[in-house]
$ cat work_1.cif   # mmCIF, C-alpha atoms
data_protein
#
loop_
_atom_site.group_PDB
_atom_site.id
_atom_site.type_symbol
_atom_site.label_atom_id
_atom_site.label_comp_id
_atom_site.auth_asym_id
_atom_site.auth_seq_id
_atom_site.Cartn_x
_atom_site.Cartn_y
_atom_site.Cartn_z
ATOM 1 C CA MET R 1 -7.497 -21.714 25.764
ATOM 2 C CA CYS R 2 -5.514 -23.767 23.244
ATOM 3 C CA ASN R 3 -6.746 -27.166 22.078
ATOM 4 C CA ALA R 4 -4.197 -29.094 24.181
ATOM 5 C CA ILE R 5 -5.695 -27.593 27.362
ATOM 6 C CA ARG R 6 -9.247 -27.916 26.056
ATOM 7 C CA MET R 7 -8.662 -31.653 25.470
ATOM 8 C CA LYS R 8 -7.243 -32.114 28.989
ATOM 9 C CA ARG R 9 -10.367 -30.495 30.423
ATOM 10 C CA GLY R 10 -12.721 -32.560 28.287
ATOM 11 C CA PHE R 11 -13.930 -29.709 26.071
ATOM 12 C CA THR R 12 -12.789 -31.370 22.857
ATOM 13 C CA ALA R 13 -11.811 -34.860 21.726
ATOM 14 C CA CYS R 14 -8.821 -33.685 19.700
ATOM 15 C CA GLY R 15 -5.958 -31.466 20.785
ATOM 16 C CA ASP R 16 -4.552 -30.908 17.314
ATOM 17 C CA CYS R 17 -4.196 -27.562 15.537
ATOM 18 C CA SER R 18 -6.998 -26.929 13.043
ATOM 19 C CA LEU R 19 -4.437 -25.846 10.427
ATOM 20 C CA CYS R 20 -1.545 -28.222 11.150
ATOM 21 C CA ARG R 21 -3.109 -31.662 11.338
ATOM 22 C CA GLY R 22 -1.202 -34.051 13.568
ATOM 23 C CA GLN R 23 0.437 -31.207 15.524
ATOM 24 C CA LEU R 24 -0.610 -30.749 19.149
ATOM 25 C CA GLU R 25 -1.858 -27.198 19.661
ATOM 26 C CA ASP R 26 -0.201 -25.891 22.800
ATOM 27 C CA ILE R 27 0.576 -22.212 23.404
ATOM 28 C CA ASN R 28 4.009 -22.541 21.791
ATOM 29 C CA HIS R 29 2.380 -23.910 18.676
ATOM 30 C CA VAL R 30 -0.301 -21.190 18.509
ATOM 31 C CA LEU R 31 2.077 -18.261 18.905
ATOM 32 C CA ARG R 32 5.103 -19.626 17.120
ATOM 33 C CA LYS R 33 5.122 -23.021 15.400
ATOM 34 C CA CYS R 34 1.762 -23.014 13.630
ATOM 35 C CA LYS R 35 2.110 -22.237 9.938
ATOM 36 C CA ALA R 36 -0.161 -19.212 10.420
ATOM 37 C CA ALA R 37 2.165 -17.784 13.083
ATOM 38 C CA ASP R 38 5.417 -18.910 11.461
ATOM 39 C CA GLY R 39 4.619 -17.020 8.260
ATOM 40 C CA ILE R 40 4.008 -13.814 10.212
ATOM 41 C CA TRP R 41 7.335 -14.059 12.079
ATOM 42 C CA ARG R 42 9.167 -14.897 8.863
ATOM 43 C CA ALA R 43 7.764 -11.743 7.256
ATOM 44 C CA LEU R 44 8.456 -9.443 10.219
ATOM 45 C CA LEU R 45 11.915 -10.578 11.255
ATOM 46 C CA PRO R 46 15.204 -10.259 9.354
ATOM 47 C CA ALA R 47 16.130 -13.613 7.829
ATOM 48 C CA ALA R 48 19.144 -14.231 10.111
ATOM 49 C CA GLU R 49 17.164 -13.354 13.243
ATOM 50 C CA TYR R 50 14.290 -15.586 12.179
ATOM 51 C CA GLU R 51 16.647 -18.561 11.767
ATOM 52 C CA THR R 52 18.255 -17.846 15.147
ATOM 53 C CA GLN R 53 14.893 -17.777 16.911
ATOM 54 C CA LYS R 54 13.615 -20.980 15.294
ATOM 55 C CA VAL R 55 15.854 -23.160 17.481
ATOM 56 C CA LEU R 56 15.171 -21.400 20.787
ATOM 57 C CA MET R 57 13.050 -22.915 23.536
ATOM 58 C CA PHE R 58 9.761 -21.143 24.171
ATOM 59 C CA GLY R 59 10.951 -19.295 27.287
ATOM 60 C CA GLU R 60 14.211 -18.238 25.676
ATOM 61 C CA TRP R 61 12.285 -17.062 22.622
ATOM 62 C CA GLN R 62 10.072 -14.818 24.752
ATOM 63 C CA ARG R 63 12.984 -13.365 26.699
ATOM 64 C CA ARG R 64 15.002 -12.632 23.567
ATOM 65 C CA ASN R 65 12.140 -10.669 22.030
ATOM 66 C CA LEU R 66 10.992 -8.865 25.162
ATOM 67 C CA LEU R 67 14.377 -7.982 26.684
ATOM 68 C CA SER R 68 16.726 -7.508 23.741
ATOM 69 C CA GLN R 69 16.834 -5.117 20.807
ATOM 70 C CA VAL R 70 15.631 -7.072 17.787
ATOM 71 C CA CYS R 71 15.614 -4.861 14.690
ATOM 72 C CA CYS R 72 12.435 -4.905 12.648
ATOM 73 C CA ASP R 73 11.602 -2.632 9.722
ATOM 74 C CA SER R 74 14.400 -0.258 10.808
ATOM 75 C CA HIS R 75 12.635 0.643 14.083
ATOM 76 C CA ASN R 76 13.887 0.240 17.661
ATOM 77 C CA ASP R 77 10.560 -0.616 19.295
ATOM 78 C CA TRP R 78 10.465 -4.326 18.513
ATOM 79 C CA GLN R 79 9.388 -5.228 22.062
ATOM 80 C CA SER R 80 6.025 -3.524 21.569
ATOM 81 C CA HIS R 81 5.747 -4.951 18.051
ATOM 82 C CA PHE R 82 6.355 -8.412 19.465
ATOM 83 C CA ALA R 83 3.661 -8.026 22.136
ATOM 84 C CA ILE R 84 1.148 -6.668 19.623
ATOM 85 C CA THR R 85 1.839 -9.560 17.263
ATOM 86 C CA LEU R 86 1.329 -12.127 20.042
ATOM 87 C CA TRP R 87 -2.036 -10.627 20.897
ATOM 88 C CA TRP R 88 -3.281 -10.665 17.307
ATOM 89 C CA LEU R 89 -1.983 -14.182 16.598
ATOM 90 C CA TRP R 90 -4.016 -15.394 19.566
ATOM 91 C CA ARG R 91 -7.102 -13.455 18.475
ATOM 92 C CA TRP R 92 -6.891 -14.655 14.874
ATOM 93 C CA ARG R 93 -6.480 -18.227 16.108
ATOM 94 C CA ASN R 94 -9.717 -17.880 18.104
ATOM 95 C CA GLU R 95 -11.492 -16.537 15.032
ATOM 96 C CA ARG R 96 -10.446 -19.615 13.050
ATOM 97 C CA VAL R 97 -11.600 -22.002 15.783
ATOM 98 C CA PHE R 98 -14.843 -20.400 16.890
ATOM 99 C CA SER R 99 -16.093 -18.511 13.833
ATOM 100 C CA THR R 100 -14.302 -20.403 11.018
ATOM 101 C CA GLN R 101 -13.030 -17.070 9.712
ATOM 102 C CA VAL R 102 -9.673 -17.296 7.948
ATOM 103 C CA ARG R 103 -7.741 -14.168 6.991
ATOM 104 C CA THR R 104 -5.031 -13.960 4.386
ATOM 105 C CA MET R 105 -1.512 -13.468 5.665
ATOM 106 C CA GLU R 106 -1.189 -10.316 3.560
ATOM 107 C CA SER R 107 -4.210 -8.725 5.254
ATOM 108 C CA GLN R 108 -2.842 -9.724 8.671
ATOM 109 C CA LEU R 109 0.519 -8.105 7.939
ATOM 110 C CA VAL R 110 -1.154 -4.913 6.710
ATOM 111 C CA TRP R 111 -3.206 -4.819 9.913
ATOM 112 C CA LEU R 112 -0.179 -5.466 12.155
ATOM 113 C CA ARG R 113 1.919 -2.755 10.544
ATOM 114 C CA GLY R 114 -0.957 -0.344 10.996
ATOM 115 C CA GLN R 115 -1.069 -1.255 14.691
ATOM 116 C CA PHE R 116 2.698 -0.774 14.957
ATOM 117 C CA GLN R 117 2.414 2.697 13.442
ATOM 118 C CA GLU R 118 -0.438 3.661 15.757
ATOM 119 C CA VAL R 119 1.517 2.654 18.864
ATOM 120 C CA ARG R 120 4.666 4.347 17.570
ATOM 121 C CA SER R 121 2.751 7.579 16.940
ATOM 122 C CA ALA R 122 1.235 7.451 20.422
ATOM 123 C CA PHE R 123 4.679 7.099 22.028
ATOM 124 C CA GLN R 124 6.041 9.918 19.891
ATOM 125 C CA ARG R 125 3.204 12.230 20.892
ATOM 126 C CA GLY R 126 3.747 11.381 24.532
ATOM 127 C CA SER R 127 7.492 12.021 24.354
ATOM 128 C CA LEU R 128 7.004 15.516 22.939
ATOM 129 C CA GLY R 129 5.243 16.686 26.098
ATOM 130 C CA LEU R 130 4.549 20.411 26.312
ATOM 131 C CA GLU R 131 6.224 21.081 22.995
ATOM 132 C CA GLU R 132 3.530 18.986 21.329
ATOM 133 C CA GLU R 133 0.837 21.042 23.048
ATOM 134 C CA ARG R 134 1.971 24.151 21.197
ATOM 135 C CA MET R 135 1.585 22.373 17.864
ATOM 136 C CA TYR R 136 -2.185 22.071 18.282
ATOM 137 C CA ILE R 137 -4.886 24.678 17.801
ATOM 138 C CA THR R 138 -8.627 24.601 18.325
ATOM 139 C CA ARG R 139 -10.602 24.864 15.104
ATOM 140 C CA TYR R 140 -14.301 25.168 14.383
ATOM 141 C CA LEU R 141 -15.135 22.374 11.950
ATOM 142 C CA ARG R 142 -18.212 22.380 9.713
ATOM 143 C CA TRP R 143 -19.257 21.188 6.286
ATOM 144 C CA ILE R 144 -18.333 23.822 3.696
ATOM 145 C CA PRO R 145 -20.555 24.094 0.607
ATOM 146 C CA PRO R 146 -18.973 24.096 -2.860
ATOM 147 C CA GLU R 147 -18.766 27.109 -5.124
ATOM 148 C CA GLU R 148 -21.521 27.794 -7.636
ATOM 149 C CA ASP R 149 -21.754 25.222 -10.465
ATOM 150 C CA TRP R 150 -19.729 22.713 -8.472
ATOM 151 C CA VAL R 151 -21.113 19.603 -6.764
ATOM 152 C CA LYS R 152 -19.633 18.231 -3.556
ATOM 153 C CA LEU R 153 -19.374 14.490 -2.963
ATOM 154 C CA ASN R 154 -18.730 13.257 0.574
ATOM 155 C CA THR R 155 -18.003 9.552 1.031
ATOM 156 C CA ASP R 156 -17.144 7.300 3.925
ATOM 157 C CA GLY R 157 -16.558 3.625 4.645
ATOM 158 C CA CYS R 158 -16.757 1.534 7.778
ATOM 159 C CA SER R 159 -15.776 -1.956 8.855
ATOM 160 C CA LYS R 160 -17.029 -3.693 11.976
ATOM 161 C CA ILE R 161 -15.541 -6.609 13.908
ATOM 162 C CA ILE R 162 -12.236 -6.268 12.042
ATOM 163 C CA GLY R 163 -13.558 -6.734 8.554
ATOM 164 C CA GLU R 164 -16.474 -9.085 9.357
ATOM 165 C CA ARG R 165 -19.010 -6.533 8.061
ATOM 166 C CA ALA R 166 -18.227 -3.516 5.920
ATOM 167 C CA ALA R 167 -20.182 -0.834 4.124
ATOM 168 C CA CYS R 168 -19.861 2.586 2.539
ATOM 169 C CA GLY R 169 -22.029 5.560 1.715
ATOM 170 C CA GLY R 170 -21.955 8.970 0.130
ATOM 171 C CA LEU R 171 -24.016 11.940 -0.976
ATOM 172 C CA PHE R 172 -24.025 14.809 -3.468
ATOM 173 C CA ARG R 173 -24.920 18.403 -2.544
ATOM 174 C CA ASP R 174 -24.901 21.758 -4.291
ATOM 175 C CA GLN R 175 -23.743 25.214 -3.156
ATOM 176 C CA SER R 176 -26.837 25.587 -0.973
ATOM 177 C CA GLY R 177 -26.354 22.254 0.747
ATOM 178 C CA ILE R 178 -29.338 20.794 -1.096
ATOM 179 C CA TRP R 179 -29.388 17.011 -1.416
ATOM 180 C CA LEU R 180 -28.892 15.934 -5.044
ATOM 181 C CA GLY R 181 -28.714 12.219 -4.381
ATOM 182 C CA GLY R 182 -26.822 9.638 -2.399
ATOM 183 C CA PHE R 183 -26.006 5.986 -2.079
ATOM 184 C CA MET R 184 -25.387 3.190 0.410
ATOM 185 C CA ALA R 185 -23.566 -0.073 -0.229
ATOM 186 C CA ASN R 186 -23.317 -3.175 1.931
ATOM 187 C CA LEU R 187 -19.946 -4.680 0.990
ATOM 188 C CA GLY R 188 -19.903 -7.860 3.050
ATOM 189 C CA ARG R 189 -16.427 -8.677 4.323
ATOM 190 C CA CYS R 190 -13.549 -6.278 3.778
ATOM 191 C CA GLY R 191 -11.286 -3.925 5.687
ATOM 192 C CA ALA R 192 -11.897 -0.298 6.596
ATOM 193 C CA MET R 193 -9.524 1.122 3.968
ATOM 194 C CA GLU R 194 -11.088 -1.022 1.247
ATOM 195 C CA ALA R 195 -14.517 0.212 2.336
ATOM 196 C CA GLU R 196 -13.287 3.800 2.002
ATOM 197 C CA LEU R 197 -12.093 3.098 -1.544
ATOM 198 C CA TRP R 198 -15.346 1.384 -2.499
ATOM 199 C CA GLY R 199 -17.223 4.474 -1.315
ATOM 200 C CA ILE R 200 -15.048 6.666 -3.522
ATOM 201 C CA LEU R 201 -15.428 4.346 -6.518
ATOM 202 C CA PHE R 202 -19.223 4.155 -6.234
ATOM 203 C CA GLY R 203 -19.392 7.924 -5.727
ATOM 204 C CA LEU R 204 -17.276 8.691 -8.791
ATOM 205 C CA ARG R 205 -19.281 6.321 -10.977
ATOM 206 C CA TYR R 206 -22.573 7.794 -9.847
ATOM 207 C CA ALA R 207 -21.224 11.319 -10.388
ATOM 208 C CA TRP R 208 -20.235 10.515 -13.971
ATOM 209 C CA GLU R 209 -23.608 8.903 -14.661
ATOM 210 C CA LYS R 210 -25.392 12.014 -13.344
ATOM 211 C CA GLY R 211 -23.296 14.271 -15.554
ATOM 212 C CA TYR R 212 -21.521 16.218 -12.818
ATOM 213 C CA LYS R 213 -18.473 17.672 -14.606
ATOM 214 C CA TRP R 214 -17.151 19.854 -11.752
ATOM 215 C CA LEU R 215 -16.862 17.715 -8.659
ATOM 216 C CA ILE R 216 -15.296 18.117 -5.215
ATOM 217 C CA LEU R 217 -14.615 14.801 -3.482
ATOM 218 C CA GLU R 218 -14.059 14.850 0.289
ATOM 219 C CA VAL R 219 -12.937 11.924 2.438
ATOM 220 C CA ASP R 220 -12.048 11.806 6.126
ATOM 221 C CA THR R 221 -9.119 9.380 5.851
ATOM 222 C CA GLN R 222 -5.854 11.154 5.096
ATOM 223 C CA VAL R 223 -4.087 7.979 3.975
ATOM 224 C CA VAL R 224 -6.704 7.296 1.311
ATOM 225 C CA ALA R 225 -6.628 10.905 0.107
ATOM 226 C CA ASN R 226 -2.839 10.663 -0.239
ATOM 227 C CA TRP R 227 -3.136 7.464 -2.275
ATOM 228 C CA LEU R 228 -5.301 9.302 -4.787
ATOM 229 C CA VAL R 229 -3.672 12.735 -4.777
ATOM 230 C CA LYS R 230 0.006 11.997 -4.172
ATOM 231 C CA GLY R 231 0.181 8.468 -5.527
ATOM 232 C CA ASN R 232 1.492 7.097 -2.223
ATOM 233 C CA THR R 233 2.194 3.370 -2.114
ATOM 234 C CA SER R 234 -0.810 1.287 -1.091
ATOM 235 C CA PRO R 235 -1.125 -2.356 0.076
ATOM 236 C CA VAL R 236 -1.116 -4.880 -2.757
ATOM 237 C CA SER R 237 -4.649 -5.990 -1.851
ATOM 238 C CA MET R 238 -5.990 -2.544 -2.777
ATOM 239 C CA VAL R 239 -4.143 -1.966 -6.052
ATOM 240 C CA ASN R 240 -7.092 -2.979 -8.239
ATOM 241 C CA LEU R 241 -9.526 -0.790 -6.330
ATOM 242 C CA LEU R 242 -7.185 2.174 -6.542
ATOM 243 C CA SER R 243 -6.685 1.598 -10.266
ATOM 244 C CA ALA R 244 -10.446 1.636 -10.762
ATOM 245 C CA CYS R 245 -10.719 4.912 -8.824
ATOM 246 C CA ARG R 246 -7.904 6.474 -10.857
ATOM 247 C CA TYR R 247 -9.574 5.381 -14.075
ATOM 248 C CA GLU R 248 -12.734 7.233 -13.055
ATOM 249 C CA LEU R 249 -10.679 10.303 -12.135
ATOM 250 C CA SER R 250 -9.036 10.286 -15.583
ATOM 251 C CA ARG R 251 -12.321 10.955 -17.391
ATOM 252 C CA GLN R 252 -13.036 14.273 -19.102
ATOM 253 C CA TRP R 253 -14.106 16.213 -16.031
ATOM 254 C CA GLU R 254 -12.588 18.190 -13.185
ATOM 255 C CA VAL R 255 -12.391 16.527 -9.789
ATOM 256 C CA LYS R 256 -10.806 18.092 -6.724
ATOM 257 C CA ILE R 257 -9.931 15.735 -3.878
ATOM 258 C CA GLY R 258 -9.635 16.909 -0.301
ATOM 259 C CA HIS R 259 -9.267 15.545 3.213
ATOM 260 C CA VAL R 260 -11.725 16.664 5.894
ATOM 261 C CA TYR R 261 -12.235 15.734 9.526
ATOM 262 C CA ARG R 262 -14.979 13.355 10.576
ATOM 263 C CA GLU R 263 -16.958 16.259 12.024
ATOM 264 C CA GLN R 264 -17.208 17.638 8.483
ATOM 265 C CA ASN R 265 -18.237 14.299 7.023
ATOM 266 C CA CYS R 266 -20.916 13.162 9.469
ATOM 267 C CA VAL R 267 -23.713 12.636 6.914
ATOM 268 C CA ALA R 268 -21.611 10.249 4.820
ATOM 269 C CA ASP R 269 -20.518 8.540 8.030
ATOM 270 C CA HIS R 270 -24.128 7.890 9.028
ATOM 271 C CA LEU R 271 -24.996 6.607 5.563
ATOM 272 C CA ALA R 272 -22.137 4.113 5.750
ATOM 273 C CA LEU R 273 -23.278 2.893 9.176
ATOM 274 C CA MET R 274 -26.863 2.541 7.937
ATOM 275 C CA ALA R 275 -25.654 0.561 4.922
ATOM 276 C CA LEU R 276 -24.434 -2.211 7.250
ATOM 277 C CA HIS R 277 -28.094 -3.179 7.709
ATOM 278 C CA GLN R 278 -29.062 -3.071 4.018
ATOM 279 C CA LEU R 279 -29.073 -5.852 1.437
ATOM 280 C CA ARG R 280 -25.742 -6.603 -0.219
ATOM 281 C CA GLY R 281 -24.758 -4.310 -3.071
ATOM 282 C CA ALA R 282 -25.051 -0.606 -3.853
ATOM 283 C CA HIS R 283 -28.347 1.280 -3.651
ATOM 284 C CA TRP R 284 -29.020 4.734 -5.114
ATOM 285 C CA LEU R 285 -31.053 7.157 -2.963
ATOM 286 C CA ASP R 286 -33.161 9.801 -4.690
ATOM 287 C CA ARG R 287 -34.313 11.073 -1.306
ATOM 288 C CA PRO R 288 -32.356 11.249 1.946
ATOM 289 C CA PRO R 289 -33.324 8.735 4.641
ATOM 290 C CA PRO R 290 -35.238 10.434 7.478
ATOM 291 C CA GLU R 291 -32.531 9.387 9.942
ATOM 292 C CA ILE R 292 -30.058 11.880 8.453
ATOM 293 C CA ASP R 293 -32.398 14.887 7.993
ATOM 294 C CA HIS R 294 -31.086 16.442 11.207
ATOM 295 C CA PHE R 295 -27.465 16.229 10.064
ATOM 296 C CA LEU R 296 -28.282 17.623 6.619
ATOM 297 C CA GLN R 297 -30.024 20.594 8.209
ATOM 298 C CA LYS R 298 -27.091 21.286 10.526
ATOM 299 C CA ASP R 299 -24.720 21.269 7.549
ATOM 300 C CA ARG R 300 -26.958 23.621 5.538
ATOM 301 C CA GLU R 301 -27.147 26.047 8.447
ATOM 302 C CA GLY R 302 -23.407 25.993 9.047
ATOM 303 C CA PHE R 303 -23.412 24.319 12.452
ATOM 304 C CA GLY R 304 -20.296 22.396 13.450
ATOM 305 C CA SER R 305 -18.111 21.612 16.443
ATOM 306 C CA THR R 306 -14.664 22.433 17.781
ATOM 307 C CA ARG R 307 -11.684 20.145 17.795
ATOM 308 C CA ARG R 308 -7.980 20.423 18.601
ATOM 309 C CA VAL R 309 -5.989 19.780 15.437
ATOM 310 C CA LEU R 310 -2.373 20.025 14.384
ATOM 311 C CA LEU R 311 -1.350 23.550 13.442
ATOM 312 C CA ASP R 312 -0.253 22.539 9.936
ATOM 313 C CA ALA R 313 -3.271 20.295 9.277
#
$ encode --input "work_1.cif" --output "structure tokens"
Amino acid sequence: MCNAIRMKRGFTACGDCSLCRGQLEDINHVLRKCKAADGIWRALLPAAEYETQKVLMFGEWQRRNLLSQVCCDSHNDWQSHFAITLWWLWRWRNERVFSTQVRTMESQLVWLRGQFQEVRSAFQRGSLGLEEERMYITRYLRWIPPEEDWVKLNTDGCSKIIGERAACGGLFRDQSGIWLGGFMANLGRCGAMEAELWGILFGLRYAWEKGYKWLILEVDTQVVANWLVKGNTSPVSMVNLLSACRYELSRQWEVKIGHVYREQNCVADHLALMALHQLRGAHWLDRPPPEIDHFLQKDREGFGSTRRVLLDA
């Protein structure tokens, strides 16, 4: 509940917003008037629409956004965007109050736009109906060893509790699936995409140090692969990390980058999850942890699993 209600019920002595001192924190303030919320709406809405909505009463403001077509980022599904934004504004407010965690507005906007895209994609898949069914095939997915003289690097990153804890991991194997080395890194606080990039950066640096001149890098996040291969635009917060990765790729060696499904990247996935419980920083592994021996053996023997994937994937 907001601080105004908490004060009425005797849960707190002050009903003010923790960010806007002197401003009573009611639900209108949390979702709309607070400087944390106001900045989000200013960024998402066209300037004229933002100014129009500023003077509306709380009920009118809700009705306008839920019942009318408000254009946002050239899409027609603003009602769902509005509802998603309300939910995350409330959640982020609770994080500030109860865990003292404060997120940058840029990271919040990146997260929201990712949520918008996920919902939009779900609606699009649903609207295609049976036609969409024909676009999928069932594939047998397994880790594929590199050609002779090449080394394969698989990396992965993970982030828990929306960036509260993050880690990455990776491993090197030869054409027989033999472990050549690996690493785990506890990153502290960062997002999932940043964790993916840190895994790639650590992996590339280790590969260069070990003298691997013919390297295949596999990641299970298509967006990240596209950033590196196609030069797709990335969030501003990740520009430096991407630049560091591209610097490593520009060295005098041959690196092939590919996207794989999670089923083909399970060992790196487990290393990243294990890294969450390690000391901060990156740690080189000469030997594989016993917990992943089973997965390494399955990869060496060619075992995998089936999955329905897009026909052109």
$ closest_residue --input "work_1.cif" --among "R:Met135, R:Leu67, R:Ile292, R:Ala37" --to "Leu310 of chain R" --atoms "only C-alpha atoms"
R:Met135
$ closest_atom_pairs --input "work_1.cif" --of "segment 121-214 of chain R" --to "segment 297-304 of chain R" --cutoff "8 Å" --atoms "only C-alpha atoms" --output "JSON lines"
{"residue": "R:Tyr140", "atom": "CA", "partner": "R:Gly304", "partner_atom": "CA", "distance": 6.7}
{"residue": "R:Leu141", "atom": "CA", "partner": "R:Gly304", "partner_atom": "CA", "distance": 5.4}
{"residue": "R:Arg142", "atom": "CA", "partner": "R:Gly304", "partner_atom": "CA", "distance": 4.3}
{"residue": "R:Trp143", "atom": "CA", "partner": "R:Asp299", "partner_atom": "CA", "distance": 5.6}
{"residue": "R:Ile144", "atom": "CA", "partner": "R:Gly302", "partner_atom": "CA", "distance": 7.7}
{"residue": "R:Ser176", "atom": "CA", "partner": "R:Arg300", "partner_atom": "CA", "distance": 6.8}
{"residue": "R:Gly177", "atom": "CA", "partner": "R:Arg300", "partner_atom": "CA", "distance": 5.0}
{"residue": "R:Ile178", "atom": "CA", "partner": "R:Arg300", "partner_atom": "CA", "distance": 7.6}
$ closest_residue --input "work_1.cif" --among "R:Trp150, R:Trp88, R:Trp179, R:Phe116" --to "Arg103 of chain R" --atoms "all atoms listed in the file"
R:Trp88
$ closest_residue --input "work_1.cif" --among "R:Gly203, R:Leu45, R:Asp77, R:Leu86" --to "Gln62 of chain R" --atoms "all atoms listed in the file"
R:Leu86
$ residues_around --input "work_1.cif" --residues "segment 216-219 of chain R" --least-positions-apart "2" --cutoff "9 Å" --atoms "all atoms listed in the file" --output "ChimeraX atom specification"
/R:146,150-156,196,200,203-204,214,221-222,224-225,254-262,265
$ axis_aligned_box --input "work_1.cif" --around "segment 290-306 of chain R" --padding-each-side "6 Å" --output "AutoDock Vina command-line options"
--center_x -25.0 --center_y 17.7 --center_z 11.7 --size_x 32.6 --size_y 28.7 --size_z 24.2
$ closest_residue --input "work_1.cif" --among "R:Arg91, R:Thr306, R:Ala166, R:Lys213" --to "Gln252 of chain R" --atoms "all atoms listed in the file"
R:Lys213
$ closest_residue --input "work_1.cif" --among "R:Arg189, R:Lys54, R:Lys210, R:Lys160" --to "Val102 of chain R" --atoms "only C-alpha atoms"
R:Arg189
$ resolve_selection --input "work_1.cif" --expression "the PyMOL selection byres ((chain R and resi 157-159) around 12)" --output "ChimeraX atom specification"
/R:154-156,160-170,183-203,219-221,224,262,265-276
$ atom_distance --input "work_1.cif" --atom1 "atom CA of Gly39 of chain R" --atom2 "atom CA of Leu109 of chain R"
9.8 Å
$ residues_around --input "work_1.cif" --residues "Val236 of chain R" --least-positions-apart "3" --cutoff "12 Å" --atoms "all atoms listed in the file" --output "list in words"
Glu106, Ser107, Leu109, Val110, Glu194, Thr233, Val239, Asn240, Leu241, Leu242 and Ser243 of chain R
$ write_last_selection --input "work_1.cif" --atoms "C-alpha atoms" --output "short mmCIF file (atom, residue, chain, number, x, y, z; two decimals), in the coordinates of the input"
data_model
loop_
_atom_site.label_atom_id
_atom_site.label_comp_id
_atom_site.auth_asym_id
_atom_site.auth_seq_id
_atom_site.Cartn_x
_atom_site.Cartn_y
_atom_site.Cartn_z
CA GLU R 106 -1.19 -10.32 3.56
CA SER R 107 -4.21 -8.72 5.25
CA LEU R 109 0.52 -8.10 7.94
CA VAL R 110 -1.15 -4.91 6.71
CA GLU R 194 -11.09 -1.02 1.25
CA THR R 233 2.19 3.37 -2.11
CA VAL R 239 -4.14 -1.97 -6.05
CA ASN R 240 -7.09 -2.98 -8.24
CA LEU R 241 -9.53 -0.79 -6.33
CA LEU R 242 -7.18 2.17 -6.54
CA SER R 243 -6.68 1.60 -10.27
#
$ closest_residue --input "work_1.cif" --among "R:Met57, R:Leu44, R:Cys34, R:Val97" --to "Phe82 of chain R" --atoms "all atoms listed in the file"
R:Leu44
$ atom_distance --input "work_1.cif" --atom1 "atom CA of Gln79 of chain R" --atom2 "atom CA of Asn65 of chain R"
6.1 Å
$ resolve_selection --input "work_1.cif" --expression "the PyMOL selection byres ((chain R and resi 17-20) around 12)" --output "PyMOL selection string"
chain R and resi 2-7+12+14-16+21-31+33-38+93-98+100+102
$ atom_distance --input "work_1.cif" --atom1 "atom CA of Arg9 of chain R" --atom2 "atom CA of Trp61 of chain R"
27.5 Å
$ residues_near_point --input "work_1.cif" --point "(-33.5, 7.1, -4.1)" --cutoff "12 Å" --atoms "all atoms listed in the file" --output "list in words"
Leu171, Trp179, Leu180, Gly181, Gly182, Phe183, Met184, Ala282, His283, Trp284, Leu285, Asp286, Arg287, Pro288 and Pro289 of chain R
$ resolve_selection --input "work_1.cif" --expression "the PyMOL selection byres ((chain R and resi 251) around 12)" --output "list in words"
Leu204, Arg205, Ala207, Trp208, Glu209, Gly211, Tyr212, Lys213, Trp214, Leu215, Ala244, Cys245, Arg246, Tyr247, Glu248, Leu249, Ser250, Gln252, Trp253, Glu254 and Val255 of chain R
